[in-house]
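S.K.: Okay, handing you the structure first.
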Amino acid sequence: MAQNRTFTMIKPDAFSAGNTGAILKMIEEAGFRIVAAKVTKLTAERAGQFYEVHKERPFYNDLCEYMSSGAIMALILEKDNAVADFRTLIGATNPAEAAEGTVRKLFAKSIEANAIHGSDSDENAQLEGSFFFSKDEEF
Ligand code: UDP
């Protein structure tokens with residue numbers, strides 16, 4: 001499988017709890033190469049744009065508030081089969097349903113504050129990466 005890229009965010013709960021280093025270690029040990037990274041903070045409006053696909057869902061407003069409540073780390077990662085393999089590494093959206101050893105099983109606090117984002121398709125990985133990074137910030 002050719003090398004491809006996915007996008008991730010270490011969300012405010014995991015970042016503020018000091019779990020960033022442990023999560024990055026899991027990511028690198030799983031064979032992902034970090035090709036872009038930054039610590040930043042979303043406004044509620046920017047969080048709303050990022051999660052626009054969910055704007056009709058009942059959890060949307062709370063999600064935007066939570067995602068703008070503190071700093072995050074945004075990264076672009078490279079690996080063969082990156083999108084699918086990363087979704088496996090992070091586990092199910094709801095940590096109660098996440099497999100043992102996954103990032104969400106280990107670090108998520110709730111279905112909302114679930115530690116980490118992972119793109120769900122190559123197309124969204126591209127769109128989400130460019131939401132945070134310009135081409136000259138990606139190596
Ligand atoms: N989310 C939530 N309540 C729900 C479902 C999702 O607060 O019932 C949040 C959660 O932070 C999740 C994000 O919305 O990661 C995006 O949801 P999605 O269904 O795309 O899950 P993901 O792809 O992140 O696993």
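Residue numbering restarts at 1 in every chain; chains get A, B, ... in the order shown in the structure tokens, and ligands count up from 1 in that same order.
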If you run DSSP over the backbone, which residues in chain A end up strand (DSSP E)? Put them as a list of chain:residue names.

M.R.: A:Gln3, A:Asn4, A:Arg5, A:Thr6, A:Phe7, A:Thr8, A:Met9, A:Ile10, A:Arg33, A:Ile34, A:Val35, A:Ala36, A:Ala37, A:Lys38, A:Val39, A:Thr40, A:Ile72, A:Met73, A:Ala74, A:Leu75, A:Ile76, A:Leu77, A:Glu78, A:Lys79, A:Asp80, A:Ile116, A:His117, A:Gly118

S.K.: For A:Ala108, find every residue with an atom within 10 Å (counting only C-alpha atoms), except residues of its own chain fewer than 3 positions away, and show them as a list in words.

M.R.: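 Returned residues: Lys11, Asp13, Ala14, Ile90, Thr93, Asn94, Pro95, Ala96, Ala98, Thr102, Val103, Arg104, Lys105, Ile111, Glu112, Ala113, Asn114, Ala115 and Ile116 of chain A.
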
S.K.: A:Glu65: which residues within 9 Å, counting only C-alpha atoms, same-chain residues fewer than 5 positions away excluded, as a list of chain:residue names?

M.R.: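 Using only C-alpha atoms, the neighbours found are A:Thr43, A:Ala44, A:Ala47, A:Gly48, A:Tyr60.
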
S.K.: Quick one: residues within 9 Å of A:Glu45, only C-alpha atoms counted, chain neighbours fewer than 4 positions away excluded, as a PDB file with C-alpha atoms, in the first residue's frame?

M.R.:
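Result file out.pdb:
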ATOM      1  CA  GLN A  49     -16.468  25.107  10.779  1.00  0.00           C
ATOM      2  CA  PHE A  50     -14.304  22.041  11.375  1.00  0.00           C
ATOM      3  CA  CYS A  64     -17.925  23.297  19.573  1.00  0.00           C
ATOM      4  CA  SER A  68     -12.630  25.566  21.884  1.00  0.00           C
TER       5      SER A  68
END

S.K.: Separation of atom CA of A:Ala37 and atom CA of A:Gly101, in Å?

M.R.: 23.8 Å

S.K.: How many Å lie between atom CA of A:Ala84 and atom CA of A:Ala125, rounded to one decimal?

M.R.: 11.1 Å

S.K.: Counting only C-alpha atoms, figure out which residue out of A:Ser69, A:Thr88, A:Ala17, A:Glu78 gets nearest to A:Glu100.

M.R.: A:Thr88

S.K.: Under the rule that only C-alpha atoms and all ligand atoms are counted, which of A:Ser16, A:Gln126, A:Thr8, A:Asn81 is the nearest residue to ligand 1?

M.R.: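 Selected residue with least distance to ligand 1: A:Thr8.
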
S.K.: Excluding A:Met9 and residues on its chain fewer than 6 positions from it, collect all residues at most 9 Å away from it, counting only C-alpha atoms, and give them as a list in words.

M.R.: Ile72, Met73, Ala74, Leu75, Ile76, Ala115, Ile116, His117 and Gly118 of chain A

S.K.: Could you dump the residues just selected with N, CA and C atoms as a PDB file, in the first residue's frame?

M.R.:
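The file below, selection_4.pdb, is the result:
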ATOM      1  N   ILE A  72      -5.090  22.577  21.773  1.00  0.00           N
ATOM      2  CA  ILE A  72      -5.054  21.260  21.120  1.00  0.00           C
ATOM      3  C   ILE A  72      -3.704  21.127  20.408  1.00  0.00           C
ATOM      4  N   MET A  73      -3.355  19.920  20.015  1.00  0.00           N
ATOM      5  CA  MET A  73      -2.242  19.738  19.078  1.00  0.00           C
ATOM      6  C   MET A  73      -2.801  19.137  17.795  1.00  0.00           C
ATOM      7  N   ALA A  74      -2.534  19.796  16.672  1.00  0.00           N
ATOM      8  CA  ALA A  74      -2.953  19.310  15.353  1.00  0.00           C
ATOM      9  C   ALA A  74      -1.740  18.712  14.653  1.00  0.00           C
ATOM     10  N   LEU A  75      -1.941  17.565  13.996  1.00  0.00           N
ATOM     11  CA  LEU A  75      -0.829  16.909  13.298  1.00  0.00           C
ATOM     12  C   LEU A  75      -1.286  16.293  11.986  1.00  0.00           C
ATOM     13  N   ILE A  76      -0.374  16.235  11.030  1.00  0.00           N
ATOM     14  CA  ILE A  76      -0.553  15.410   9.837  1.00  0.00           C
ATOM     15  C   ILE A  76       0.451  14.266   9.942  1.00  0.00           C
ATOM     16  N   ALA A 115     -10.406  12.493  23.620  1.00  0.00           N
ATOM     17  CA  ALA A 115      -8.935  12.509  23.550  1.00  0.00           C
ATOM     18  C   ALA A 115      -8.342  12.849  22.187  1.00  0.00           C
ATOM     19  N   ILE A 116      -8.942  12.339  21.105  1.00  0.00           N
ATOM     20  CA  ILE A 116      -8.233  12.430  19.830  1.00  0.00           C
ATOM     21  C   ILE A 116      -9.206  12.360  18.656  1.00  0.00           C
ATOM     22  N   HIS A 117      -8.822  13.050  17.587  1.00  0.00           N
ATOM     23  CA  HIS A 117      -9.560  12.991  16.315  1.00  0.00           C
ATOM     24  C   HIS A 117      -8.758  12.179  15.303  1.00  0.00           C
ATOM     25  N   GLY A 118      -9.454  11.508  14.403  1.00  0.00           N
ATOM     26  CA  GLY A 118      -8.786  10.875  13.261  1.00  0.00           C
ATOM     27  C   GLY A 118      -9.675  10.986  12.042  1.00  0.00           C
TER      28      GLY A 118
END

S.K.: So that I can check the secondary structure, give me every residue of stretch 13-97 of chain A assigned alpha helix (DSSP H) by backbone DSSP, as a PyMOL selection string.

M.R.: chain A and resi 13-16+20-29+44-50+60-67+82-90
